[in-house]
Amino acid sequence: MASSEVHSDSDDGMDALMDKFKTQRYKKGFNEDTWEEEFNKVPMFMKSAPEEIDPREYPELACLQAIVHDEDRPPEEQAESMKDEGNAFFKEKNYEKAILSYTEGLKKKCGDEDLNTVLLTNRAAAHFHLGNMRSALNDAATAKKIKPDHLKALIRGAQCCIELRNFAEATRWCDEGLKAHPTDKKLRELRAAADKHKRAAERDARKAKAKEKKLHGEKETLLAAIKERGIKLFQSVKRPQRHSDSEDENEASSAAITELSLDGLSSQEVTGAQVFLDEQGSLHWPVFFLYPEHQQSDFISAFCESTCFIDHLAIMFGEELPPWDMDRKYHPQNFQLFFEDMVKETLYQVDPEMTLLKVLQHKRFFVKAGTPSFIVLIKGSSFCKQFLTGKKILGL
C-alpha cells in the first residue's frame with residue numbers, strides 16, 4: 001500500500017512539473033535561434049575543436065583540457081592523452097596540430113615503448129600528409145629503432161623513400177619489412193613499385209648519359225671544325241687601362257680574346273639559334289644584320305659559311321622592301337657592309353660578294369656570343385657619312 005502511495009506521489013510531481021511548462025518557458029535551455037551554435041560548444045557534440053580555447057566561451061572544453069594536460073598524472077597517462085588529442089586532430093585533417101600533440105606526447109618520455117612507437121608513426125603520417133617527407137622518414141626510422149618489426153613504421157619508411165625518389169633505400173625498407181611480415185600485401189606492393197621506379201630511373205639515367213655523351217661529342221667535333229678554319233670566338237673581359245703605345249693595345253686585344261671553348265659557342269640571343277655542322281661538313285651560323293639609320297635589324301638563323309652576303313641580301317631586299325624603308329633606298333647595289341673590331345675601335349668594310357667564311361677567317365674578326373653581326377649602311381647617304389665620321393675604316 002505504501003509503495004502505491006509513493007508511486008502516486010511521483011506521478012503527481014511529474015504531472016505538476018509538466019503542467020508548469022505549459023504556462024512558463026524553460027529558462028535554462030538553448031536559445032531557439034542560436035541552439036546549433038550553443039550545441040556545438042558542448043564537447044561531446046562538437047564537430048571540430050576551436051583553434052583557441054577560451055575558458056569563458058568554452059568552460060567545459062577548458063576543463064577537459066586541464067585534465068588532459070594535468071602534469072601530476074603519470075607520464076604514460078599524459079602521453080596517452082596527447083596521442084588521443086593528436087588522433088582527433090588527425091581525423092579532422094589538421095595535421096599541423098596533430099604533429100604538435102604527438103610531439104608533446106613524446107616529450108613526456110614515458111617508458112612505454114609501444115606508445116612511443118605509435119606516437120612516432122602517427123607523427124610520421126601527419127608529416128607525410130603535409131609533404132614533409134624527410135621529417136616523416138626520420139620519425140619512421142626512429143620508430144623502427146624502437147620496434148624493428150613495427151609494420152606501420154616499415155610501410156611509412158618505404159613510402160617516404162619512394163616519394164624522395166630513393167628507390168634503392170625504399171627496396172631495403174620493404175625487404176626488412178617482408179622478413180618480419182612476409183605475407184603483407186602493402187609491403188609487397190611497395191616493393192614492386194620501388195623496383196619498377198628504380199629500373200625506370202636507371203634506364204633514364206643511362207639514356208641521359210648517352211645523350212650527354214653524344215652532344216658533347218658533337219660539340220667537340222663542331223669546336224674542332226671552328227678551330228680548323230681559324231675562326232676566333234670573343235668573350236668580353238674588363239679592358240685594362242689604355243696606354244699610348246701599340247704594344248699595350250695589343251695586350252688589351254689579347255686579353256679580350258679567350259681560347260675556344262664549348263661555352264663560347266652558346267648564342268645569347270633570345271632566338272636560341274646556334275652554329276651547327278651539317279652532314280656535308282659545312283658550318284651554318286646565326287647572323288645579325290644591323291641597320292643603325294633606322295634602328296632595325298634582321299636575323300638569319302642558319303647562314304651557310306660558303307654563301308655570299310649578296311645572296312641573302314638579294315632575297316631580303318628583293319621585290320618587296322621593308323616598311324621602315326620610307327625612301328625606298330635599301331637595294332642591294334646601294335649597300336655598304338662593315339664589321340666592327342671593338343677592341344681596336346675600327347670598322348672593316350666587307351665586299352658583299354664575299355662568303356661568310358672568308359670574312360670570319362679575317363684576323364680581326366671575333367665571333368661575339370656565338371652570333372656574327374654586320375652593319376649595313378646606304379652608300380653615299382647623309383647618315384652613312386655622319387656615321388663613319390671620325391671612325392677608322394679599313395678594307396679586307
# chains A, B, ... in the order shown; residues from 1 in each chain; ligands from 1

$ residues_around --residues "Leu360 of chain A" --least-positions-apart "6" --cutoff "12 Å" --atoms "only C-alpha atoms" --output "VMD selection string"
chain A and resid 226 to 227 229 to 233 283 to 285 287 304 to 306 339 348 350 354 366 to 368 370 to 374 396

$ write_last_selection --atoms "N, CA and C atoms" --output "PDB file, in the first residue's frame"
ATOM      1  N   ILE A 226      85.653  24.615 -86.118  1.00  0.00           N
ATOM      2  CA  ILE A 226      85.867  26.064 -85.983  1.00  0.00           C
ATOM      3  C   ILE A 226      87.358  26.370 -85.845  1.00  0.00           C
ATOM      4  N   LYS A 227      88.040  25.584 -85.028  1.00  0.00           N
ATOM      5  CA  LYS A 227      89.487  25.773 -84.859  1.00  0.00           C
ATOM      6  C   LYS A 227      90.219  25.549 -86.178  1.00  0.00           C
ATOM      7  N   ARG A 229      89.267  26.095 -89.098  1.00  0.00           N
ATOM      8  CA  ARG A 229      89.067  27.205 -90.026  1.00  0.00           C
ATOM      9  C   ARG A 229      89.740  28.484 -89.540  1.00  0.00           C
ATOM     10  N   GLY A 230      90.261  28.461 -88.327  1.00  0.00           N
ATOM     11  CA  GLY A 230      90.919  29.654 -87.796  1.00  0.00           C
ATOM     12  C   GLY A 230      89.956  30.729 -87.345  1.00  0.00           C
ATOM     13  N   ILE A 231      88.718  30.354 -87.059  1.00  0.00           N
ATOM     14  CA  ILE A 231      87.720  31.316 -86.595  1.00  0.00           C
ATOM     15  C   ILE A 231      87.908  31.543 -85.102  1.00  0.00           C
ATOM     16  N   LYS A 232      87.811  32.806 -84.693  1.00  0.00           N
ATOM     17  CA  LYS A 232      88.089  33.186 -83.312  1.00  0.00           C
ATOM     18  C   LYS A 232      86.792  33.578 -82.605  1.00  0.00           C
ATOM     19  N   LEU A 233      86.647  33.100 -81.373  1.00  0.00           N
ATOM     20  CA  LEU A 233      85.498  33.464 -80.543  1.00  0.00           C
ATOM     21  C   LEU A 233      85.912  34.551 -79.575  1.00  0.00           C
ATOM     22  N   LEU A 283      79.703  24.687 -91.941  1.00  0.00           N
ATOM     23  CA  LEU A 283      79.189  25.382 -90.758  1.00  0.00           C
ATOM     24  C   LEU A 283      78.062  26.329 -91.164  1.00  0.00           C
ATOM     25  N   HIS A 284      77.043  26.375 -90.319  1.00  0.00           N
ATOM     26  CA  HIS A 284      75.931  27.311 -90.509  1.00  0.00           C
ATOM     27  C   HIS A 284      75.847  28.167 -89.244  1.00  0.00           C
ATOM     28  N   TRP A 285      75.926  29.485 -89.431  1.00  0.00           N
ATOM     29  CA  TRP A 285      75.974  30.408 -88.297  1.00  0.00           C
ATOM     30  C   TRP A 285      74.690  31.228 -88.194  1.00  0.00           C
ATOM     31  N   VAL A 287      73.293  34.798 -87.839  1.00  0.00           N
ATOM     32  CA  VAL A 287      73.919  36.071 -88.217  1.00  0.00           C
ATOM     33  C   VAL A 287      72.929  37.219 -88.047  1.00  0.00           C
ATOM     34  N   CYS A 304      74.901  29.727 -94.196  1.00  0.00           N
ATOM     35  CA  CYS A 304      75.938  28.764 -94.571  1.00  0.00           C
ATOM     36  C   CYS A 304      77.233  29.506 -94.864  1.00  0.00           C
ATOM     37  N   GLU A 305      78.341  28.975 -94.351  1.00  0.00           N
ATOM     38  CA  GLU A 305      79.630  29.652 -94.478  1.00  0.00           C
ATOM     39  C   GLU A 305      80.070  29.831 -95.927  1.00  0.00           C
ATOM     40  N   SER A 306      79.583  28.991 -96.829  1.00  0.00           N
ATOM     41  CA  SER A 306      80.004  29.081 -98.234  1.00  0.00           C
ATOM     42  C   SER A 306      79.123  30.012 -99.053  1.00  0.00           C
ATOM     43  N   PHE A 339      82.030  45.187 -90.516  1.00  0.00           N
ATOM     44  CA  PHE A 339      82.030  44.567 -89.189  1.00  0.00           C
ATOM     45  C   PHE A 339      82.931  45.400 -88.302  1.00  0.00           C
ATOM     46  N   TYR A 348      85.717  47.477 -90.479  1.00  0.00           N
ATOM     47  CA  TYR A 348      86.269  46.831 -91.659  1.00  0.00           C
ATOM     48  C   TYR A 348      85.156  46.678 -92.691  1.00  0.00           C
ATOM     49  N   VAL A 350      83.198  45.178 -95.793  1.00  0.00           N
ATOM     50  CA  VAL A 350      83.033  43.824 -96.326  1.00  0.00           C
ATOM     51  C   VAL A 350      82.468  43.902 -97.740  1.00  0.00           C
ATOM     52  N   MET A 354      81.706  38.525-101.020  1.00  0.00           N
ATOM     53  CA  MET A 354      82.497  37.589-100.213  1.00  0.00           C
ATOM     54  C   MET A 354      81.602  36.553 -99.551  1.00  0.00           C
ATOM     55  N   PHE A 366      86.084  38.614 -84.670  1.00  0.00           N
ATOM     56  CA  PHE A 366      85.849  37.770 -83.499  1.00  0.00           C
ATOM     57  C   PHE A 366      84.343  37.548 -83.354  1.00  0.00           C
ATOM     58  N   VAL A 367      83.944  36.311 -83.290  1.00  0.00           N
ATOM     59  CA  VAL A 367      82.522  35.974 -83.147  1.00  0.00           C
ATOM     60  C   VAL A 367      82.107  36.232 -81.710  1.00  0.00           C
ATOM     61  N   LYS A 368      81.173  37.151 -81.526  1.00  0.00           N
ATOM     62  CA  LYS A 368      80.709  37.509 -80.183  1.00  0.00           C
ATOM     63  C   LYS A 368      79.397  36.808 -79.859  1.00  0.00           C
ATOM     64  N   GLY A 370      78.517  33.881 -79.992  1.00  0.00           N
ATOM     65  CA  GLY A 370      78.117  32.834 -80.926  1.00  0.00           C
ATOM     66  C   GLY A 370      77.384  33.331 -82.153  1.00  0.00           C
ATOM     67  N   THR A 371      77.283  34.663 -82.335  1.00  0.00           N
ATOM     68  CA  THR A 371      76.496  35.222 -83.446  1.00  0.00           C
ATOM     69  C   THR A 371      77.261  36.337 -84.148  1.00  0.00           C
ATOM     70  N   PRO A 372      77.794  36.093 -85.334  1.00  0.00           N
ATOM     71  CA  PRO A 372      78.438  37.172 -86.095  1.00  0.00           C
ATOM     72  C   PRO A 372      77.410  38.265 -86.425  1.00  0.00           C
ATOM     73  N   SER A 373      77.852  39.523 -86.416  1.00  0.00           N
ATOM     74  CA  SER A 373      76.935  40.622 -86.737  1.00  0.00           C
ATOM     75  C   SER A 373      77.621  41.595 -87.683  1.00  0.00           C
ATOM     76  N   PHE A 374      76.816  42.228 -88.544  1.00  0.00           N
ATOM     77  CA  PHE A 374      77.329  43.127 -89.569  1.00  0.00           C
ATOM     78  C   PHE A 374      76.452  44.377 -89.639  1.00  0.00           C
ATOM     79  N   LEU A 396      89.141  44.791 -96.314  1.00  0.00           N
ATOM     80  CA  LEU A 396      89.623  43.431 -96.037  1.00  0.00           C
ATOM     81  C   LEU A 396      90.757  43.059 -97.007  1.00  0.00           C
TER      82      LEU A 396
END

$ residues_around --residues "segment 98-100 of chain A" --least-positions-apart "2" --cutoff "8 Å" --atoms "only C-alpha atoms" --output "NGL selection string"
:A and (85-90 or 94-96 or 102-104 or 123 or 126-127)

$ write_last_selection --atoms "N, CA, C and O atoms" --output "PDB file, in the first residue's frame"
ATOM      1  N   GLU A  85      44.569  13.178 -28.397  1.00  0.00           N
ATOM      2  CA  GLU A  85      44.322  14.523 -28.909  1.00  0.00           C
ATOM      3  C   GLU A  85      44.863  14.653 -30.332  1.00  0.00           C
ATOM      4  O   GLU A  85      44.204  15.201 -31.224  1.00  0.00           O
ATOM      5  N   GLY A  86      46.058  14.124 -30.556  1.00  0.00           N
ATOM      6  CA  GLY A  86      46.648  14.160 -31.894  1.00  0.00           C
ATOM      7  C   GLY A  86      45.805  13.387 -32.890  1.00  0.00           C
ATOM      8  O   GLY A  86      45.623  13.828 -34.031  1.00  0.00           O
ATOM      9  N   ASN A  87      45.275  12.248 -32.464  1.00  0.00           N
ATOM     10  CA  ASN A  87      44.429  11.444 -33.353  1.00  0.00           C
ATOM     11  C   ASN A  87      43.161  12.199 -33.742  1.00  0.00           C
ATOM     12  O   ASN A  87      42.696  12.098 -34.887  1.00  0.00           O
ATOM     13  N   ALA A  88      42.623  12.957 -32.778  1.00  0.00           N
ATOM     14  CA  ALA A  88      41.413  13.740 -33.066  1.00  0.00           C
ATOM     15  C   ALA A  88      41.719  14.814 -34.118  1.00  0.00           C
ATOM     16  O   ALA A  88      40.950  15.017 -35.063  1.00  0.00           O
ATOM     17  N   PHE A  89      42.853  15.494 -33.947  1.00  0.00           N
ATOM     18  CA  PHE A  89      43.255  16.495 -34.934  1.00  0.00           C
ATOM     19  C   PHE A  89      43.526  15.837 -36.289  1.00  0.00           C
ATOM     20  O   PHE A  89      43.209  16.395 -37.347  1.00  0.00           O
ATOM     21  N   PHE A  90      44.121  14.657 -36.259  1.00  0.00           N
ATOM     22  CA  PHE A  90      44.447  13.947 -37.499  1.00  0.00           C
ATOM     23  C   PHE A  90      43.173  13.614 -38.271  1.00  0.00           C
ATOM     24  O   PHE A  90      43.118  13.771 -39.503  1.00  0.00           O
ATOM     25  N   ASN A  94      43.730  18.195 -39.542  1.00  0.00           N
ATOM     26  CA  ASN A  94      44.507  19.319 -39.020  1.00  0.00           C
ATOM     27  C   ASN A  94      45.876  18.755 -38.623  1.00  0.00           C
ATOM     28  O   ASN A  94      46.181  18.561 -37.449  1.00  0.00           O
ATOM     29  N   TYR A  95      46.698  18.493 -39.650  1.00  0.00           N
ATOM     30  CA  TYR A  95      47.938  17.750 -39.426  1.00  0.00           C
ATOM     31  C   TYR A  95      48.976  18.556 -38.641  1.00  0.00           C
ATOM     32  O   TYR A  95      49.773  17.976 -37.903  1.00  0.00           O
ATOM     33  N   GLU A  96      48.964  19.878 -38.790  1.00  0.00           N
ATOM     34  CA  GLU A  96      49.917  20.686 -38.035  1.00  0.00           C
ATOM     35  C   GLU A  96      49.696  20.525 -36.531  1.00  0.00           C
ATOM     36  O   GLU A  96      50.651  20.321 -35.771  1.00  0.00           O
ATOM     37  N   TYR A 102      51.354  15.056 -30.914  1.00  0.00           N
ATOM     38  CA  TYR A 102      52.218  13.871 -30.857  1.00  0.00           C
ATOM     39  C   TYR A 102      53.596  14.240 -30.286  1.00  0.00           C
ATOM     40  O   TYR A 102      54.192  13.467 -29.531  1.00  0.00           O
ATOM     41  N   THR A 103      54.069  15.418 -30.648  1.00  0.00           N
ATOM     42  CA  THR A 103      55.371  15.865 -30.144  1.00  0.00           C
ATOM     43  C   THR A 103      55.328  16.063 -28.636  1.00  0.00           C
ATOM     44  O   THR A 103      56.261  15.684 -27.918  1.00  0.00           O
ATOM     45  N   GLU A 104      54.228  16.660 -28.155  1.00  0.00           N
ATOM     46  CA  GLU A 104      54.081  16.834 -26.706  1.00  0.00           C
ATOM     47  C   GLU A 104      54.043  15.484 -26.000  1.00  0.00           C
ATOM     48  O   GLU A 104      54.597  15.323 -24.919  1.00  0.00           O
ATOM     49  N   ARG A 123      53.001  10.611 -35.935  1.00  0.00           N
ATOM     50  CA  ARG A 123      53.576  11.901 -36.342  1.00  0.00           C
ATOM     51  C   ARG A 123      54.166  11.796 -37.745  1.00  0.00           C
ATOM     52  O   ARG A 123      54.085  12.740 -38.541  1.00  0.00           O
ATOM     53  N   ALA A 126      51.372  12.243 -40.160  1.00  0.00           N
ATOM     54  CA  ALA A 126      50.967  13.647 -40.291  1.00  0.00           C
ATOM     55  C   ALA A 126      51.955  14.415 -41.165  1.00  0.00           C
ATOM     56  O   ALA A 126      51.571  15.191 -42.042  1.00  0.00           O
ATOM     57  N   HIS A 127      53.244  14.183 -40.927  1.00  0.00           N
ATOM     58  CA  HIS A 127      54.269  14.826 -41.759  1.00  0.00           C
ATOM     59  C   HIS A 127      54.116  14.400 -43.224  1.00  0.00           C
ATOM     60  O   HIS A 127      54.269  15.211 -44.139  1.00  0.00           O
TER      61      HIS A 127
END

$ select_by_dssp --residues "segment 147-377 of chain A" --states "strand (DSSP E)" --output "PyMOL selection string"
chain A and resi 232-234+276-277+283-291+296-304+335-341+346-350+366-368+373-377

$ write_last_selection --atoms "C-alpha atoms" --output "PDB file, in the first residue's frame"
ATOM      1  CA  LYS A 232      88.089  33.186 -83.312  1.00  0.00           C
ATOM      2  CA  LEU A 233      85.498  33.464 -80.543  1.00  0.00           C
ATOM      3  CA  PHE A 234      85.247  36.569 -78.416  1.00  0.00           C
ATOM      4  CA  PHE A 276      75.973  23.801 -86.329  1.00  0.00           C
ATOM      5  CA  LEU A 277      77.871  21.474 -88.653  1.00  0.00           C
ATOM      6  CA  LEU A 283      79.189  25.382 -90.758  1.00  0.00           C
ATOM      7  CA  HIS A 284      75.931  27.311 -90.509  1.00  0.00           C
ATOM      8  CA  TRP A 285      75.974  30.408 -88.297  1.00  0.00           C
ATOM      9  CA  PRO A 286      73.229  32.569 -86.809  1.00  0.00           C
ATOM     10  CA  VAL A 287      73.919  36.071 -88.217  1.00  0.00           C
ATOM     11  CA  PHE A 288      72.650  39.567 -87.396  1.00  0.00           C
ATOM     12  CA  PHE A 289      72.365  42.425 -89.887  1.00  0.00           C
ATOM     13  CA  LEU A 290      72.084  45.811 -88.173  1.00  0.00           C
ATOM     14  CA  TYR A 291      70.587  48.936 -89.807  1.00  0.00           C
ATOM     15  CA  GLN A 296      66.287  47.953 -87.190  1.00  0.00           C
ATOM     16  CA  SER A 297      67.827  44.506 -87.576  1.00  0.00           C
ATOM     17  CA  ASP A 298      67.465  41.219 -89.438  1.00  0.00           C
ATOM     18  CA  PHE A 299      68.330  37.772 -88.153  1.00  0.00           C
ATOM     19  CA  ILE A 300      69.346  34.769 -90.228  1.00  0.00           C
ATOM     20  CA  SER A 301      69.258  31.614 -88.131  1.00  0.00           C
ATOM     21  CA  ALA A 302      71.430  29.472 -90.451  1.00  0.00           C
ATOM     22  CA  PHE A 303      73.821  31.362 -92.732  1.00  0.00           C
ATOM     23  CA  CYS A 304      75.938  28.764 -94.571  1.00  0.00           C
ATOM     24  CA  PHE A 335      74.668  48.627 -99.543  1.00  0.00           C
ATOM     25  CA  GLN A 336      77.931  49.064 -97.684  1.00  0.00           C
ATOM     26  CA  LEU A 337      78.715  46.280 -95.209  1.00  0.00           C
ATOM     27  CA  PHE A 338      81.023  46.561 -92.215  1.00  0.00           C
ATOM     28  CA  PHE A 339      82.030  44.567 -89.189  1.00  0.00           C
ATOM     29  CA  GLU A 340      83.335  46.258 -86.088  1.00  0.00           C
ATOM     30  CA  ASP A 341      86.561  45.489 -84.252  1.00  0.00           C
ATOM     31  CA  THR A 346      87.909  50.011 -86.200  1.00  0.00           C
ATOM     32  CA  LEU A 347      85.345  49.288 -88.921  1.00  0.00           C
ATOM     33  CA  TYR A 348      86.269  46.831 -91.659  1.00  0.00           C
ATOM     34  CA  GLN A 349      84.384  47.095 -94.949  1.00  0.00           C
ATOM     35  CA  VAL A 350      83.033  43.824 -96.326  1.00  0.00           C
ATOM     36  CA  PHE A 366      85.849  37.770 -83.499  1.00  0.00           C
ATOM     37  CA  VAL A 367      82.522  35.974 -83.147  1.00  0.00           C
ATOM     38  CA  LYS A 368      80.709  37.509 -80.183  1.00  0.00           C
ATOM     39  CA  SER A 373      76.935  40.622 -86.737  1.00  0.00           C
ATOM     40  CA  PHE A 374      77.329  43.127 -89.569  1.00  0.00           C
ATOM     41  CA  ILE A 375      76.420  46.797 -90.051  1.00  0.00           C
ATOM     42  CA  VAL A 376      74.521  47.750 -93.211  1.00  0.00           C
ATOM     43  CA  LEU A 377      74.623  51.353 -94.480  1.00  0.00           C
TER      44      LEU A 377
END

$ residues_around --residues "segment 132-143 of chain A" --least-positions-apart "6" --cutoff "12 Å" --atoms "only C-alpha atoms" --output "short mmCIF file (atom, residue, chain, number, x, y, z; two decimals) with N, CA and C atoms, in the first residue's frame"
data_model
loop_
_atom_site.label_atom_id
_atom_site.label_comp_id
_atom_site.auth_asym_id
_atom_site.auth_seq_id
_atom_site.Cartn_x
_atom_site.Cartn_y
_atom_site.Cartn_z
N TYR A 95 46.70 18.49 -39.65
CA TYR A 95 47.94 17.75 -39.43
C TYR A 95 48.98 18.56 -38.64
N GLU A 96 48.96 19.88 -38.79
CA GLU A 96 49.92 20.69 -38.04
C GLU A 96 49.70 20.52 -36.53
N ILE A 99 50.64 17.07 -35.26
CA ILE A 99 52.09 16.96 -35.03
C ILE A 99 52.47 17.54 -33.68
N TYR A 102 51.35 15.06 -30.91
CA TYR A 102 52.22 13.87 -30.86
C TYR A 102 53.60 14.24 -30.29
N THR A 103 54.07 15.42 -30.65
CA THR A 103 55.37 15.86 -30.14
C THR A 103 55.33 16.06 -28.64
N LEU A 106 55.55 12.75 -26.97
CA LEU A 106 56.92 12.21 -26.96
C LEU A 106 57.79 12.91 -25.93
N GLU A 113 57.36 1.64 -24.62
CA GLU A 113 57.93 1.62 -25.97
C GLU A 113 56.85 1.52 -27.05
N ASP A 114 55.81 0.76 -26.77
CA ASP A 114 54.72 0.64 -27.75
C ASP A 114 54.05 1.99 -27.99
N LEU A 115 53.80 2.73 -26.90
CA LEU A 115 53.16 4.03 -27.02
C LEU A 115 54.07 5.02 -27.76
N ASN A 116 55.35 5.02 -27.43
CA ASN A 116 56.28 5.93 -28.11
C ASN A 116 56.37 5.61 -29.60
N THR A 117 56.33 4.33 -29.93
CA THR A 117 56.37 3.92 -31.34
C THR A 117 55.14 4.41 -32.08
N VAL A 118 53.98 4.30 -31.44
CA VAL A 118 52.74 4.78 -32.05
C VAL A 118 52.79 6.30 -32.25
N LEU A 119 53.28 7.02 -31.24
CA LEU A 119 53.39 8.48 -31.36
C LEU A 119 54.29 8.86 -32.54
N LEU A 120 55.38 8.13 -32.71
CA LEU A 120 56.31 8.41 -33.80
C LEU A 120 55.70 8.09 -35.17
N THR A 121 55.05 6.94 -35.27
CA THR A 121 54.47 6.57 -36.56
C THR A 121 53.29 7.46 -36.92
N ASN A 122 52.52 7.88 -35.90
CA ASN A 122 51.41 8.79 -36.16
C ASN A 122 51.93 10.16 -36.60
N ARG A 123 53.00 10.61 -35.94
CA ARG A 123 53.58 11.90 -36.34
C ARG A 123 54.17 11.80 -37.75
N ALA A 124 54.76 10.65 -38.06
CA ALA A 124 55.29 10.43 -39.41
C ALA A 124 54.16 10.52 -40.44
N ALA A 125 52.99 9.96 -40.09
CA ALA A 125 51.85 10.00 -41.01
C ALA A 125 51.39 11.44 -41.23
N ALA A 126 51.37 12.24 -40.16
CA ALA A 126 50.97 13.65 -40.29
C ALA A 126 51.95 14.42 -41.16
N ASP A 149 60.30 -4.47 -36.04
CA ASP A 149 59.31 -5.16 -36.87
C ASP A 149 57.96 -4.44 -36.91
N HIS A 150 57.94 -3.16 -36.51
CA HIS A 150 56.69 -2.41 -36.49
C HIS A 150 56.21 -2.17 -37.93
N LEU A 151 55.07 -2.73 -38.27
CA LEU A 151 54.60 -2.73 -39.65
C LEU A 151 54.35 -1.32 -40.19
N LYS A 152 53.66 -0.48 -39.40
CA LYS A 152 53.34 0.87 -39.89
C LYS A 152 54.61 1.69 -40.12
N ALA A 153 55.59 1.53 -39.25
CA ALA A 153 56.85 2.26 -39.42
C ALA A 153 57.56 1.82 -40.70
N LEU A 154 57.56 0.52 -40.95
CA LEU A 154 58.22 -0.02 -42.14
C LEU A 154 57.52 0.45 -43.42
N ILE A 155 56.20 0.42 -43.40
CA ILE A 155 55.45 0.88 -44.57
C ILE A 155 55.67 2.36 -44.82
N ARG A 156 55.60 3.17 -43.73
CA ARG A 156 55.77 4.62 -43.89
C ARG A 156 57.17 4.95 -44.38
N GLY A 157 58.16 4.25 -43.87
CA GLY A 157 59.54 4.50 -44.31
C GLY A 157 59.71 4.22 -45.79
N ALA A 158 59.13 3.12 -46.26
CA ALA A 158 59.22 2.78 -47.68
C ALA A 158 58.50 3.82 -48.54
N GLN A 159 57.33 4.26 -48.09
CA GLN A 159 56.58 5.27 -48.84
C GLN A 159 57.37 6.58 -48.95
N CYS A 160 58.00 6.98 -47.85
CA CYS A 160 58.78 8.22 -47.87
C CYS A 160 59.96 8.12 -48.83
N CYS A 161 60.63 6.99 -48.83
CA CYS A 161 61.77 6.81 -49.72
C CYS A 161 61.35 6.87 -51.19
N ILE A 162 60.18 6.31 -51.48
CA ILE A 162 59.68 6.37 -52.86
C ILE A 162 59.38 7.81 -53.24
N GLU A 163 58.75 8.55 -52.35
CA GLU A 163 58.44 9.96 -52.63
C GLU A 163 59.70 10.78 -52.80
N LEU A 164 60.75 10.41 -52.06
CA LEU A 164 62.03 11.11 -52.16
C LEU A 164 62.87 10.60 -53.33
N ARG A 165 62.31 9.63 -54.07
CA ARG A 165 62.96 9.04 -55.24
C ARG A 165 64.26 8.31 -54.88
N ASN A 166 64.32 7.83 -53.65
CA ASN A 166 65.44 6.99 -53.23
C ASN A 166 64.94 5.55 -53.28
N GLU A 169 66.78 2.63 -51.40
CA GLU A 169 66.51 2.64 -49.96
C GLU A 169 65.08 2.15 -49.68
N ALA A 170 64.14 2.49 -50.55
CA ALA A 170 62.76 2.02 -50.40
C ALA A 170 62.72 0.49 -50.48
N TRP A 173 63.90 -0.97 -47.20
CA TRP A 173 62.86 -0.91 -46.17
C TRP A 173 61.85 -2.04 -46.38
#

$ closest_residue --among "A:Lys198, A:His216, A:Lys329, A:Lys344" --to "Lys379 of chain A" --atoms "only C-alpha atoms"
A:Lys329

$ closest_residue --among "A:Cys308, A:Ala168, A:Leu130, A:Val275" --to "Thr355 of chain A" --atoms "only C-alpha atoms"
A:Cys308

$ atom_distance --atom1 "atom CA of Leu187 of chain A" --atom2 "atom CA of Glu202 of chain A"
22.2 Å
